[in-house]
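Enquirer: Got a file for you: query37.cif, mmCIF, C-alpha atoms.
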```cif
data_target
#
loop_
_atom_site.label_atom_id
_atom_site.label_comp_id
_atom_site.auth_asym_id
_atom_site.auth_seq_id
_atom_site.Cartn_x
_atom_site.Cartn_y
_atom_site.Cartn_z
CA MET E 1 -4.82 22.91 -14.81
CA ALA E 2 -7.14 19.99 -14.90
CA ALA E 3 -7.29 16.68 -16.64
CA GLY E 4 -10.23 16.44 -19.00
CA PRO E 5 -12.86 13.77 -18.54
CA GLY E 6 -13.46 10.89 -20.88
CA ASN E 7 -16.28 11.01 -23.39
CA ASP E 8 -18.72 9.76 -20.77
CA GLY E 9 -17.46 12.20 -18.13
CA GLY E 10 -15.61 9.41 -16.34
CA PRO E 11 -11.92 8.57 -16.23
CA ALA E 12 -9.96 9.21 -19.40
CA ALA E 13 -7.10 7.07 -20.63
CA TRP E 14 -3.72 8.81 -20.63
CA SER E 15 -0.43 7.48 -21.90
CA GLY E 16 2.80 8.54 -20.27
CA ARG E 17 6.50 8.53 -21.04
CA VAL E 18 9.53 8.96 -18.82
CA VAL E 19 12.53 10.38 -20.64
CA ASP E 20 15.99 11.62 -19.71
CA ALA E 21 17.55 14.97 -20.62
CA SER E 22 18.33 13.74 -24.13
CA GLY E 23 14.80 12.51 -24.68
CA ALA E 24 15.75 8.86 -24.43
CA PRO E 25 13.22 6.60 -22.68
CA VAL E 26 13.85 5.68 -19.06
CA ALA E 27 12.84 2.11 -18.33
CA ARG E 28 11.62 0.87 -14.94
CA ALA E 29 11.13 4.37 -13.56
CA ARG E 30 8.72 4.68 -10.63
CA VAL E 31 5.93 7.13 -11.31
CA VAL E 32 3.87 8.58 -8.46
CA ILE E 33 1.06 11.15 -8.35
CA VAL E 34 2.35 13.44 -5.61
CA ALA E 35 -0.36 16.12 -5.68
CA SER E 36 -3.91 16.13 -6.96
CA SER E 37 -7.27 17.78 -6.57
CA VAL E 38 -8.92 14.43 -5.83
CA PRO E 39 -7.81 11.65 -3.46
CA VAL E 40 -5.23 9.45 -5.16
CA PRO E 41 -3.85 6.28 -3.57
CA GLU E 42 -0.15 5.93 -2.78
CA ILE E 43 0.68 3.43 -5.47
CA ALA E 44 3.68 3.71 -7.81
CA LEU E 45 3.51 2.90 -11.50
CA LEU E 46 6.46 1.38 -13.35
CA SER E 47 7.51 2.47 -16.81
CA ASP E 48 8.15 -0.31 -19.31
CA ASP E 49 11.25 -0.90 -21.42
CA ASP E 50 10.22 1.99 -23.66
CA GLY E 51 9.71 4.32 -20.72
CA ARG E 52 5.94 4.15 -21.14
CA PHE E 53 3.12 3.87 -18.62
CA SER E 54 -0.63 4.33 -18.70
CA VAL E 55 -3.23 5.68 -16.31
CA TRP E 56 -6.95 6.46 -16.32
CA LEU E 57 -7.54 9.87 -14.78
CA PRO E 58 -10.78 11.35 -13.48
CA PRO E 59 -11.38 15.07 -13.96
CA GLY E 60 -8.96 17.05 -11.80
CA ALA E 61 -5.43 18.36 -11.52
CA PHE E 62 -2.46 16.04 -11.02
CA THR E 63 1.28 16.38 -10.47
CA PHE E 64 3.32 13.36 -11.55
CA ARG E 65 6.82 12.65 -10.27
CA ALA E 66 9.14 10.02 -11.73
CA HIS E 67 12.17 8.42 -10.09
CA GLY E 68 14.66 6.70 -12.35
CA ALA E 69 18.31 5.87 -12.66
CA ALA E 70 18.85 9.24 -14.37
CA GLY E 71 17.30 11.21 -11.53
CA THR E 72 13.92 12.66 -10.69
CA GLY E 73 11.46 14.88 -12.53
CA GLU E 74 7.95 16.24 -12.26
CA THR E 75 5.20 17.36 -14.59
CA GLU E 76 1.68 18.66 -14.18
CA VAL E 77 -1.18 17.36 -16.24
CA GLU E 78 -2.99 19.99 -18.28
CA ASP E 79 -6.42 19.52 -19.68
CA ASP E 80 -5.29 20.52 -23.16
CA ALA E 81 -2.40 18.06 -23.27
CA PRO E 82 -2.32 16.81 -26.86
CA GLY E 83 -3.41 13.22 -27.15
CA HIS E 84 -3.73 12.85 -23.40
CA GLU E 85 0.00 12.30 -23.10
CA ILE E 86 2.09 12.82 -19.98
CA VAL E 87 5.82 13.34 -20.49
CA ILE E 88 8.10 13.38 -17.45
CA ALA E 89 11.72 14.41 -17.97
CA VAL E 90 14.08 13.23 -15.27
CA GLY E 91 17.49 14.70 -14.62
CA PRO E 92 20.46 14.63 -12.31
CA ALA E 93 19.60 17.91 -10.58
CA LEU E 94 17.20 16.02 -8.36
CA ARG E 95 19.05 12.73 -8.44
CA GLU E 96 17.82 10.53 -5.66
CA GLU E 97 20.00 8.56 -3.32
CA GLU E 98 19.92 4.94 -4.37
CA MET B 1 -23.30 -0.73 10.49
CA ILE B 2 -22.79 -1.29 6.78
CA GLU B 3 -22.54 -4.90 5.73
CA LEU B 4 -19.58 -5.43 3.46
CA THR B 5 -19.82 -7.98 0.71
CA SER B 6 -16.69 -9.67 -0.53
CA VAL B 7 -16.12 -9.30 -4.26
CA THR B 8 -13.69 -11.71 -5.86
CA LYS B 9 -11.95 -11.36 -9.18
CA PRO B 10 -13.91 -13.42 -11.74
CA GLY B 11 -12.33 -16.77 -12.25
CA SER B 12 -11.18 -17.11 -8.66
CA PRO B 13 -12.61 -20.08 -6.77
CA PHE B 14 -14.46 -17.96 -4.23
CA GLU B 15 -18.09 -17.14 -3.86
CA SER B 16 -19.04 -13.54 -4.57
CA LYS B 17 -21.51 -13.38 -1.71
CA GLU B 18 -20.98 -15.24 1.51
CA PRO B 19 -22.77 -15.41 4.82
CA GLY B 20 -20.69 -13.85 7.57
CA PRO B 21 -19.47 -15.62 10.69
CA PRO B 22 -20.15 -14.19 14.14
CA PRO B 23 -18.34 -10.86 14.65
CA ALA B 24 -14.78 -11.03 15.96
CA ARG B 25 -12.75 -8.24 17.54
CA ALA B 26 -9.24 -9.49 16.87
CA THR B 27 -7.39 -12.27 15.17
CA ARG B 28 -4.26 -13.82 16.57
CA GLY B 29 -0.89 -13.24 15.02
CA HIS B 30 1.95 -15.69 14.55
CA PRO B 31 5.68 -14.89 14.49
CA GLY B 32 6.44 -17.53 11.87
CA SER B 33 8.53 -20.68 12.02
CA ALA B 34 11.70 -19.04 10.70
CA THR B 35 14.31 -17.71 13.12
CA ALA B 36 12.89 -16.25 16.33
CA GLU B 37 15.76 -13.79 16.74
CA ILE B 38 14.58 -10.42 18.02
CA SER B 39 14.95 -7.59 15.53
CA ARG B 40 17.28 -4.80 16.63
CA SER B 41 15.37 -2.45 14.35
CA LEU B 42 12.21 -3.33 16.22
CA ARG B 43 13.77 -2.52 19.58
CA HIS B 44 15.02 0.84 18.42
CA LEU B 45 12.37 2.05 16.00
CA ALA B 46 8.93 0.82 16.96
CA VAL B 47 6.67 3.16 18.89
CA LYS B 48 4.65 1.43 21.59
CA GLY B 49 1.60 2.40 23.57
CA LYS B 50 0.33 5.95 23.87
CA SER B 51 3.49 7.51 25.26
CA GLY B 52 5.50 7.45 22.06
CA PRO B 53 7.10 10.53 20.52
CA LEU B 54 5.06 13.07 18.63
CA LEU B 55 7.31 14.08 15.78
CA SER B 56 6.96 17.08 13.53
CA PRO B 57 3.92 16.80 11.29
CA PHE B 58 4.79 15.30 7.95
CA GLU B 59 2.96 15.41 4.72
CA THR B 60 3.15 12.50 2.33
CA VAL B 61 6.84 13.26 2.14
CA ILE B 62 7.36 16.98 2.37
CA GLY B 63 9.93 18.59 4.56
CA ARG B 64 12.02 16.51 6.88
CA ASP B 65 11.85 12.84 6.06
CA GLU B 66 11.94 10.59 9.12
CA ARG B 67 11.66 7.22 7.45
CA VAL B 68 14.31 4.69 8.42
CA ARG B 69 15.39 1.74 6.33
CA ILE B 70 14.87 -1.69 7.87
CA LEU B 71 17.93 -3.85 7.31
CA ASP B 72 16.95 -6.99 9.21
CA THR B 73 13.88 -7.72 7.12
CA GLU B 74 14.37 -11.46 7.63
CA LEU B 75 13.08 -11.04 11.19
CA PRO B 76 9.55 -10.42 12.50
CA PRO B 77 7.53 -8.34 12.08
CA TRP B 78 9.33 -6.96 9.01
CA ARG B 79 9.30 -10.28 7.15
CA MET B 80 5.48 -10.36 7.38
CA ILE B 81 5.51 -7.23 5.19
CA CYS B 82 5.80 -7.83 1.46
CA ALA B 83 6.84 -5.83 -1.56
CA LEU B 84 4.19 -6.23 -4.24
CA ARG B 85 4.82 -6.18 -7.97
CA MET B 86 1.47 -5.73 -9.68
CA ARG B 87 0.72 -6.15 -13.35
CA GLY B 88 -2.44 -5.06 -15.13
CA PRO B 89 -4.16 -6.59 -18.16
CA SER B 90 -2.31 -4.21 -20.50
CA GLY B 91 1.02 -5.27 -19.05
CA ALA B 92 1.30 -2.07 -17.02
CA GLY B 93 3.39 -2.51 -13.91
CA ALA B 94 3.04 -1.01 -10.44
CA ILE B 95 4.48 -1.45 -6.98
CA GLY B 96 2.79 -1.57 -3.60
CA THR B 97 2.94 -3.23 -0.20
CA GLY B 98 1.02 -6.03 1.51
CA TRP B 99 1.23 -8.05 4.73
CA PHE B 100 0.37 -11.52 5.89
CA VAL B 101 -2.79 -12.04 7.94
CA GLY B 102 -2.81 -15.83 7.60
CA PRO B 103 -0.76 -18.67 6.12
CA ARG B 104 -1.97 -18.06 2.57
CA THR B 105 -3.56 -14.61 2.80
CA VAL B 106 -1.99 -11.19 2.22
CA LEU B 107 -3.95 -8.06 3.08
CA THR B 108 -3.34 -4.90 1.06
CA ALA B 109 -5.11 -1.81 -0.25
CA GLY B 110 -8.03 -2.38 -2.55
CA HIS B 111 -6.38 -0.35 -5.31
CA CYS B 112 -3.45 -2.78 -5.38
CA VAL B 113 -5.79 -5.52 -6.63
CA PHE B 114 -8.55 -3.48 -8.33
CA SER B 115 -8.14 0.01 -9.75
CA ARG B 116 -9.79 1.67 -12.71
CA MET B 117 -7.15 4.40 -12.51
CA PHE B 118 -4.09 2.17 -12.60
CA PHE B 119 -5.21 -1.15 -14.15
CA GLY B 120 -8.51 -0.37 -15.80
CA GLY B 121 -10.05 -2.90 -13.37
CA TRP B 122 -8.60 -5.99 -11.70
CA ALA B 123 -4.87 -6.58 -11.65
CA SER B 124 -3.77 -9.58 -13.67
CA ALA B 125 -1.01 -10.92 -11.45
CA ILE B 126 0.85 -9.86 -8.32
CA GLU B 127 4.23 -11.08 -7.13
CA VAL B 128 4.44 -11.13 -3.33
CA ILE B 129 7.97 -10.79 -1.91
CA PRO B 130 8.16 -11.04 1.92
CA GLY B 131 10.94 -8.99 3.49
CA LEU B 132 12.47 -7.84 0.19
CA ASN B 133 15.79 -6.26 1.09
CA GLY B 134 17.40 -4.51 -1.87
CA GLN B 135 17.98 -4.81 -5.58
CA GLY B 136 20.80 -7.31 -5.64
CA ALA B 137 20.73 -11.00 -6.47
CA ALA B 138 17.54 -12.74 -5.46
CA ALA B 139 19.37 -15.12 -3.15
CA ASP B 140 20.65 -12.19 -1.10
CA THR B 141 17.65 -9.90 -1.18
CA ARG B 142 14.67 -12.25 -1.02
CA PRO B 143 15.09 -14.12 2.27
CA TYR B 144 11.87 -16.06 1.75
CA GLY B 145 11.63 -16.07 -2.02
CA SER B 146 8.41 -14.91 -3.62
CA VAL B 147 5.12 -16.23 -4.87
CA THR B 148 2.89 -14.94 -7.66
CA SER B 149 -0.90 -15.02 -7.57
CA ASP B 150 -3.77 -14.09 -9.86
CA ARG B 151 -6.49 -14.57 -7.23
CA PHE B 152 -7.63 -11.43 -5.45
CA SER B 153 -10.58 -10.12 -3.48
CA SER B 154 -11.85 -6.74 -2.42
CA VAL B 155 -15.16 -5.44 -1.07
CA ASP B 156 -18.18 -4.28 -3.03
CA ARG B 157 -17.95 -0.67 -1.87
CA TRP B 158 -14.45 -0.44 -3.32
CA VAL B 159 -15.12 -2.25 -6.59
CA ASP B 160 -18.37 -0.38 -7.20
CA SER B 161 -17.33 3.17 -6.31
CA GLU B 162 -13.67 3.15 -5.20
CA ASP B 163 -14.62 4.95 -2.01
CA PRO B 164 -11.37 5.57 -0.04
CA ASP B 165 -13.10 4.46 3.16
CA PHE B 166 -13.35 0.95 1.70
CA ASP B 167 -9.94 0.70 0.01
CA LEU B 168 -9.22 -2.88 1.09
CA GLY B 169 -7.98 -5.87 -0.83
CA CYS B 170 -6.60 -9.34 -0.44
CA ILE B 171 -4.20 -11.60 -2.32
CA HIS B 172 -4.86 -15.33 -2.06
CA LEU B 173 -1.70 -17.43 -2.26
CA GLY B 174 -1.36 -21.01 -3.39
CA GLU B 175 1.28 -21.89 -0.84
CA PRO B 176 1.43 -21.27 2.92
CA LEU B 177 4.39 -18.90 2.94
CA GLY B 178 2.85 -17.24 6.01
CA ASN B 179 3.69 -20.28 8.11
CA LYS B 180 7.34 -19.42 7.68
CA VAL B 181 7.27 -15.61 7.84
CA GLY B 182 4.33 -15.25 10.23
CA TRP B 183 1.33 -12.98 10.17
CA PHE B 184 -0.01 -9.98 12.00
CA ALA B 185 -2.71 -10.02 14.64
CA VAL B 186 -5.50 -7.78 13.40
CA GLY B 187 -7.78 -5.85 15.71
CA ALA B 188 -10.96 -3.81 15.45
CA LEU B 189 -10.56 -1.23 18.21
CA PRO B 190 -13.15 1.45 18.91
CA PRO B 191 -12.13 5.03 18.11
CA GLU B 192 -11.82 6.06 21.75
CA ARG B 193 -9.20 3.35 22.28
CA LEU B 194 -7.19 4.32 19.22
CA GLU B 195 -6.78 8.04 19.77
CA GLY B 196 -3.34 9.00 20.99
CA PHE B 197 -1.65 5.72 20.15
CA GLY B 198 1.68 5.78 18.42
CA VAL B 199 1.43 3.96 15.09
CA ASN B 200 3.99 2.20 12.97
CA VAL B 201 3.88 2.05 9.16
CA SER B 202 6.42 0.07 7.14
CA GLY B 203 6.48 -0.60 3.43
CA TYR B 204 8.22 -0.20 0.11
CA PRO B 205 8.26 3.42 -1.11
CA ALA B 206 9.15 4.22 -4.72
CA ASP B 207 11.49 7.10 -3.93
CA ARG B 208 13.97 5.16 -1.81
CA GLY B 209 15.81 2.09 -3.02
CA ALA B 210 13.63 1.84 -6.13
CA GLY B 211 10.82 0.27 -4.15
CA ALA B 212 13.05 -2.64 -3.14
CA GLU B 213 13.91 -1.49 0.38
CA GLN B 214 11.61 -1.48 3.37
CA TYR B 215 11.20 1.81 5.25
CA HIS B 216 9.55 2.36 8.62
CA GLY B 217 7.93 5.48 9.99
CA ARG B 218 6.18 6.20 13.27
CA ASN B 219 4.15 8.93 14.86
CA ARG B 220 0.86 9.47 16.62
CA ILE B 221 -2.73 9.01 15.50
CA VAL B 222 -4.23 12.46 15.13
CA ARG B 223 -7.80 11.63 14.16
CA VAL B 224 -10.10 8.66 13.95
CA THR B 225 -13.32 8.64 11.94
CA GLU B 226 -15.90 5.92 11.51
CA ARG B 227 -13.83 4.21 8.83
CA ARG B 228 -10.44 5.89 8.64
CA ILE B 229 -7.36 6.55 10.79
CA PHE B 230 -5.28 9.70 10.21
CA TYR B 231 -1.66 9.86 11.34
CA GLU B 232 1.44 12.00 10.90
CA VAL B 233 3.68 9.24 9.62
CA ASP B 234 5.85 9.82 6.58
CA THR B 235 4.86 7.66 3.61
CA TYR B 236 5.22 7.71 -0.16
CA GLY B 237 3.84 6.11 -3.30
CA GLY B 238 4.55 2.38 -3.21
CA GLN B 239 3.60 2.08 0.45
CA SER B 240 -0.05 1.63 -0.38
CA GLY B 241 -1.29 -1.46 1.39
CA ALA B 242 1.27 -1.31 4.19
CA PRO B 243 0.23 -2.34 7.70
CA VAL B 244 -0.57 0.34 10.23
CA TRP B 245 0.04 -1.20 13.59
CA ILE B 246 0.25 -0.45 17.30
CA TYR B 247 1.57 -2.08 20.43
CA GLU B 248 -1.04 -1.83 23.14
CA ASP B 249 1.78 -1.80 25.68
CA ALA B 250 5.51 -2.47 25.81
CA GLU B 251 5.05 -6.24 26.05
CA SER B 252 2.24 -6.67 23.55
CA PRO B 253 2.66 -8.24 20.12
CA PRO B 254 2.07 -6.04 17.07
CA LEU B 255 -1.61 -5.41 16.38
CA ALA B 256 -2.59 -4.17 12.92
CA ILE B 257 -5.40 -1.62 12.95
CA GLY B 258 -5.39 -0.24 9.40
CA VAL B 259 -4.22 -0.58 5.81
CA HIS B 260 -2.22 2.43 4.66
CA ALA B 261 -3.62 3.86 1.44
CA TYR B 262 -3.55 7.67 1.13
CA GLY B 263 -1.19 10.60 1.47
CA VAL B 264 -2.22 14.07 2.51
CA GLY B 265 -4.36 14.46 -0.62
CA GLY B 266 -6.73 11.88 0.80
CA THR B 267 -7.44 13.88 3.95
CA PRO B 268 -10.53 16.10 3.78
CA ALA B 269 -9.54 19.77 3.89
CA SER B 270 -12.31 20.38 6.40
CA PHE B 271 -10.32 18.43 9.00
CA GLY B 272 -7.66 21.14 9.10
CA ILE B 273 -4.87 18.61 9.61
CA THR B 274 -1.93 17.43 7.55
CA ALA B 275 -2.00 13.68 7.77
CA ASN B 276 -1.83 10.44 5.84
CA SER B 277 -4.52 7.86 6.29
CA ALA B 278 -5.69 4.27 6.26
CA PRO B 279 -9.03 2.51 6.16
CA ARG B 280 -9.61 1.28 9.71
CA ILE B 281 -9.99 -2.30 10.73
CA ILE B 282 -13.56 -2.23 11.99
CA PRO B 283 -15.67 -5.27 12.90
CA GLU B 284 -17.15 -5.76 9.43
CA VAL B 285 -13.69 -5.45 7.86
CA LEU B 286 -12.36 -8.00 10.34
CA ASP B 287 -15.23 -10.34 9.46
CA THR B 288 -14.55 -9.97 5.75
CA MET B 289 -10.83 -10.55 6.26
CA THR B 290 -11.59 -13.63 8.38
CA ARG B 291 -13.68 -15.06 5.54
CA TRP B 292 -10.81 -14.48 3.12
CA VAL B 293 -8.41 -16.33 5.41
CA GLU B 294 -10.90 -19.16 5.93
CA HIS B 295 -11.31 -19.55 2.17
CA ASP B 296 -7.55 -19.90 1.96
CA GLY B 297 -7.63 -22.78 4.47
CA GLY B 298 -7.88 -20.78 7.69
CA TRP B 299 -5.48 -20.44 10.57
CA PRO B 300 -3.82 -23.59 11.95
CA GLY B 301 -5.64 -25.11 14.90
CA GLU B 302 -8.84 -23.11 14.39
#
```
Translate this structure into structure tokens?
Expert:
Amino acid sequence: MAAGPGNDGGPAAWSGRVVDASGAPVARARVVIVASSVPVPEIALLSDDDGRFSVWLPPGAFTFRAHGAAGTGETEVEDDAPGHEIVIAVGPALREEE
Amino acid sequence: MIELTSVTKPGSPFESKEPGPPPARATRGHPGSATAEISRSLRHLAVKGKSGPLLSPFETVIGRDERVRILDTELPPWRMICALRMRGPSGAGAIGTGWFVGPRTVLTAGHCVFSRMFFGGWASAIEVIPGLNGQGAAADTRPYGSVTSDRFSSVDRWVDSEDPDFDLGCIHLGEPLGNKVGWFAVGALPPERLEGFGVNVSGYPADRGAGAEQYHGRNRIVRVTERRIFYEVDTYGGQSGAPVWIYEDAESPPLAIGVHAYGVGGTPASFGITANSAPRIIPEVLDTMTRWVEHDGGWPGE
């Protein structure tokens, strides 16, 4: 599963959302790319008050993990994701110790 | 040797191309003017010299997690390490780690100040919080307050191509907070001197304490290349930009030798190792960093 390139073959803009089990946005979640087919730095993105974040991805495969007050969740980016959107659902099953 | 050219965010009062000073091999650290109490965490956790423990190999954080929270972050060297709160032009937020190398200069990973992937280019503003110690009230968790800057530098090889070997950046501060919290000595050691050393990495991971608690890991260097150091120290997203430091012997002060930037995904598969990595402090990096500090007013007495 690979992220598609932008129109020029370079990084493509993706929008992301972190949501809880009910679909409600999770604000101030930390979002990390934990696996990828290309080197990705160990930075953490923060979701905004609406649970949203943005990222520009080069071609490749990526696994995103989010950590929020509601727990932890993961999702893999697929190249046919509609609208270049990443949705990460977090839940208590993987609730982190905070 | 590749000559590195400093690249400064447009609008910052720094030249984009500068003549370099004579090469230096190490800069001197300073413990800071705040309390000189010795950290208990330091006594118990830091690995020193080449005889330190070789722990089980860790991936970025997979399997057993050996990171330990630092509670006395108001003491050196922990207070020299800063939580970073970055913001991009679109308002997007991110967290990372940086560390003082001079009174007004914080070294970090290049992608914390410039990243097409995370900011679409230069960051807009970064809040620097030395020794952040939890999510409570600022008076309790920010022993030295914080300062926000919009003046950053990186090197041309990072800004042009985002090559992981050149993932280095700098935050220029308007006030000399480093005089109070201190700064790391930084050394350019040849590969043959680095191999086998135990290394320390401490920063602000996103998976523990919401990026507001400092965690330390230690283990041994497993490989050194021309521009990178590879080590089996547990790290996680948010620790980008953290110092990678050694103690040359039991009595030596901390000596930073790299800037943590990548998890296991950044290690070439051809190496056949599971390790995290940092761009090395090599002579041209040290020279570039020295110019950044000098532009910020330099070190006292020099």
Enquirer: Counting only C-alpha atoms, a student should be able to say which residues of chain E come within 8 Å of chain B; what is the right answer, written as a ChimeraX atom specification?
Expert: /E:11,30-48,53-58,67-68,96-98
Enquirer: Which residues fall under the PyMOL selection byres ((chain B and resi 34-51) around 7) in this file, as number ranges by chain?
Expert: B: 32-33, 52-53, 70, 72, 75-76, 180-181, 196-200, 218, 246-250
Enquirer: Rank B:Ala26, B:Ile171, B:Leu194, B:Val201 by their smallest atom-to-atom distance to Pro77 in chain B, using only C-alpha atoms, and report the top residue only.
Expert: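 Of all the options, B:Val201 lies closest to Pro77 in chain B.
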Enquirer: Considering all atoms listed in the file, can you say which of E:Gly51, E:Gly71, E:Gly91, E:Gly60 comes closest to Ala24 in chain E?
Expert: E:Gly51
Enquirer: Residues within 8 Å of range 87-90 of chain E, please, as a list in words. Count all atoms listed in the file; anything in the same chain fewer than 3 positions from it doesn't count.
Expert: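 These residues fall inside the cut-off: Gly16, Arg17, Val18, Val19, Asp20, Ala21, Gly23, Phe64, Arg65, Ala66, His67, Gly68, Ala70, Gly71, Thr72, Gly73, Glu74 and Thr75 of chain E.
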Enquirer: Quick one: write out the picked residues with C-alpha atoms as an mmCIF file, keeping the file's coordinate frame?
Expert:
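Dumped to part22.cif:
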```
data_model
loop_
_atom_site.group_PDB
_atom_site.id
_atom_site.type_symbol
_atom_site.label_atom_id
_atom_site.label_comp_id
_atom_site.auth_asym_id
_atom_site.auth_seq_id
_atom_site.Cartn_x
_atom_site.Cartn_y
_atom_site.Cartn_z
ATOM 1 C CA GLY E 16 2.800 8.540 -20.270
ATOM 2 C CA ARG E 17 6.500 8.530 -21.040
ATOM 3 C CA VAL E 18 9.530 8.960 -18.820
ATOM 4 C CA VAL E 19 12.530 10.380 -20.640
ATOM 5 C CA ASP E 20 15.990 11.620 -19.710
ATOM 6 C CA ALA E 21 17.550 14.970 -20.620
ATOM 7 C CA GLY E 23 14.800 12.510 -24.680
ATOM 8 C CA PHE E 64 3.320 13.360 -11.550
ATOM 9 C CA ARG E 65 6.820 12.650 -10.270
ATOM 10 C CA ALA E 66 9.140 10.020 -11.730
ATOM 11 C CA HIS E 67 12.170 8.420 -10.090
ATOM 12 C CA GLY E 68 14.660 6.700 -12.350
ATOM 13 C CA ALA E 70 18.850 9.240 -14.370
ATOM 14 C CA GLY E 71 17.300 11.210 -11.530
ATOM 15 C CA THR E 72 13.920 12.660 -10.690
ATOM 16 C CA GLY E 73 11.460 14.880 -12.530
ATOM 17 C CA GLU E 74 7.950 16.240 -12.260
ATOM 18 C CA THR E 75 5.200 17.360 -14.590
#
```
Enquirer: How many Å lie between CA of Gly29 in chain B and CA of Arg142 in chain B, rounded to one decimal?
Expert: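 About the pair CA of Gly29 in chain B and CA of Arg142 in chain B: they are 22.4 Å apart.
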Enquirer: Please compute the CA of Asp49 in chain E-CA of His84 in chain E distance, one decimal, in Å.
Expert: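 Result for CA of Asp49 in chain E versus CA of His84 in chain E: 20.4 Å, one decimal.
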Enquirer: For CA of Thr73 in chain B and CA of Ala188 in chain B, determine how far apart the two atoms are, in Å to one decimal place.
Expert: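 The value is 26.5 Å.
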Enquirer: Find the residue from B:Ile282, B:Gly102, B:Trp292, B:Glu74 that sits nearest to Asn179 in chain B; use all atoms listed in the file when measuring.
Expert: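 Comparing B:Ile282, B:Gly102, B:Trp292, B:Glu74 against Asn179 in chain B, the winner is B:Gly102.
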Enquirer: Once you count all atoms listed in the file, which residues end up no further than 9 Å from (-5.8, 8.7, -24.6) in the file's frame, shown as an MDAnalysis selection string?
Expert: chainID E and resid 6 12:15 54 56 83:85
Enquirer: Specify as a ChimeraX atom specification each residue included when the PyMOL selection byres ((chain B and resi 233) around 6) is applied to this file.
Expert: /B:217-219,231-232,234
Enquirer: Keeping N, CA and C atoms, write range 28-41 of chain B of the structure just shown out as a PDB file, in the first residue's frame.
Expert:
```pdb
ATOM      1  N   ARG B  28      33.324  24.158  24.181  1.00  0.00           N
ATOM      2  CA  ARG B  28      33.249  23.916  25.620  1.00  0.00           C
ATOM      3  C   ARG B  28      31.814  24.058  26.119  1.00  0.00           C
ATOM      4  N   GLY B  29      31.451  23.207  27.024  1.00  0.00           N
ATOM      5  CA  GLY B  29      30.122  23.290  27.607  1.00  0.00           C
ATOM      6  C   GLY B  29      30.115  24.179  28.831  1.00  0.00           C
ATOM      7  N   HIS B  30      28.936  24.391  29.352  1.00  0.00           N
ATOM      8  CA  HIS B  30      28.764  25.228  30.548  1.00  0.00           C
ATOM      9  C   HIS B  30      27.594  24.657  31.347  1.00  0.00           C
ATOM     10  N   PRO B  31      27.749  24.481  32.655  1.00  0.00           N
ATOM     11  CA  PRO B  31      26.664  23.858  33.429  1.00  0.00           C
ATOM     12  C   PRO B  31      25.498  24.785  33.708  1.00  0.00           C
ATOM     13  N   GLY B  32      25.667  26.089  33.456  1.00  0.00           N
ATOM     14  CA  GLY B  32      24.597  27.030  33.736  1.00  0.00           C
ATOM     15  C   GLY B  32      24.741  27.636  35.113  1.00  0.00           C
ATOM     16  N   SER B  33      24.130  28.817  35.278  1.00  0.00           N
ATOM     17  CA  SER B  33      24.279  29.545  36.539  1.00  0.00           C
ATOM     18  C   SER B  33      23.247  29.133  37.582  1.00  0.00           C
ATOM     19  N   ALA B  34      22.242  28.368  37.170  1.00  0.00           N
ATOM     20  CA  ALA B  34      21.244  27.892  38.133  1.00  0.00           C
ATOM     21  C   ALA B  34      21.897  26.857  39.044  1.00  0.00           C
ATOM     22  N   THR B  35      21.131  26.309  39.953  1.00  0.00           N
ATOM     23  CA  THR B  35      21.684  25.425  40.982  1.00  0.00           C
ATOM     24  C   THR B  35      22.677  24.401  40.422  1.00  0.00           C
ATOM     25  N   ALA B  36      23.764  24.201  41.168  1.00  0.00           N
ATOM     26  CA  ALA B  36      24.813  23.274  40.739  1.00  0.00           C
ATOM     27  C   ALA B  36      24.633  21.898  41.362  1.00  0.00           C
ATOM     28  N   GLU B  37      23.476  21.654  41.970  1.00  0.00           N
ATOM     29  CA  GLU B  37      23.217  20.349  42.570  1.00  0.00           C
ATOM     30  C   GLU B  37      23.421  19.233  41.545  1.00  0.00           C
ATOM     31  N   ILE B  38      23.986  18.128  41.998  1.00  0.00           N
ATOM     32  CA  ILE B  38      24.228  17.006  41.099  1.00  0.00           C
ATOM     33  C   ILE B  38      22.949  16.185  40.945  1.00  0.00           C
ATOM     34  N   SER B  39      22.612  15.873  39.728  1.00  0.00           N
ATOM     35  CA  SER B  39      21.397  15.117  39.437  1.00  0.00           C
ATOM     36  C   SER B  39      21.545  13.664  39.871  1.00  0.00           C
ATOM     37  N   ARG B  40      20.583  13.185  40.655  1.00  0.00           N
ATOM     38  CA  ARG B  40      20.586  11.760  41.014  1.00  0.00           C
ATOM     39  C   ARG B  40      20.315  10.899  39.792  1.00  0.00           C
ATOM     40  N   SER B  41      19.455  11.389  38.915  1.00  0.00           N
ATOM     41  CA  SER B  41      19.184  10.647  37.682  1.00  0.00           C
ATOM     42  C   SER B  41      20.467  10.444  36.893  1.00  0.00           C
TER      43      SER B  41
END
```
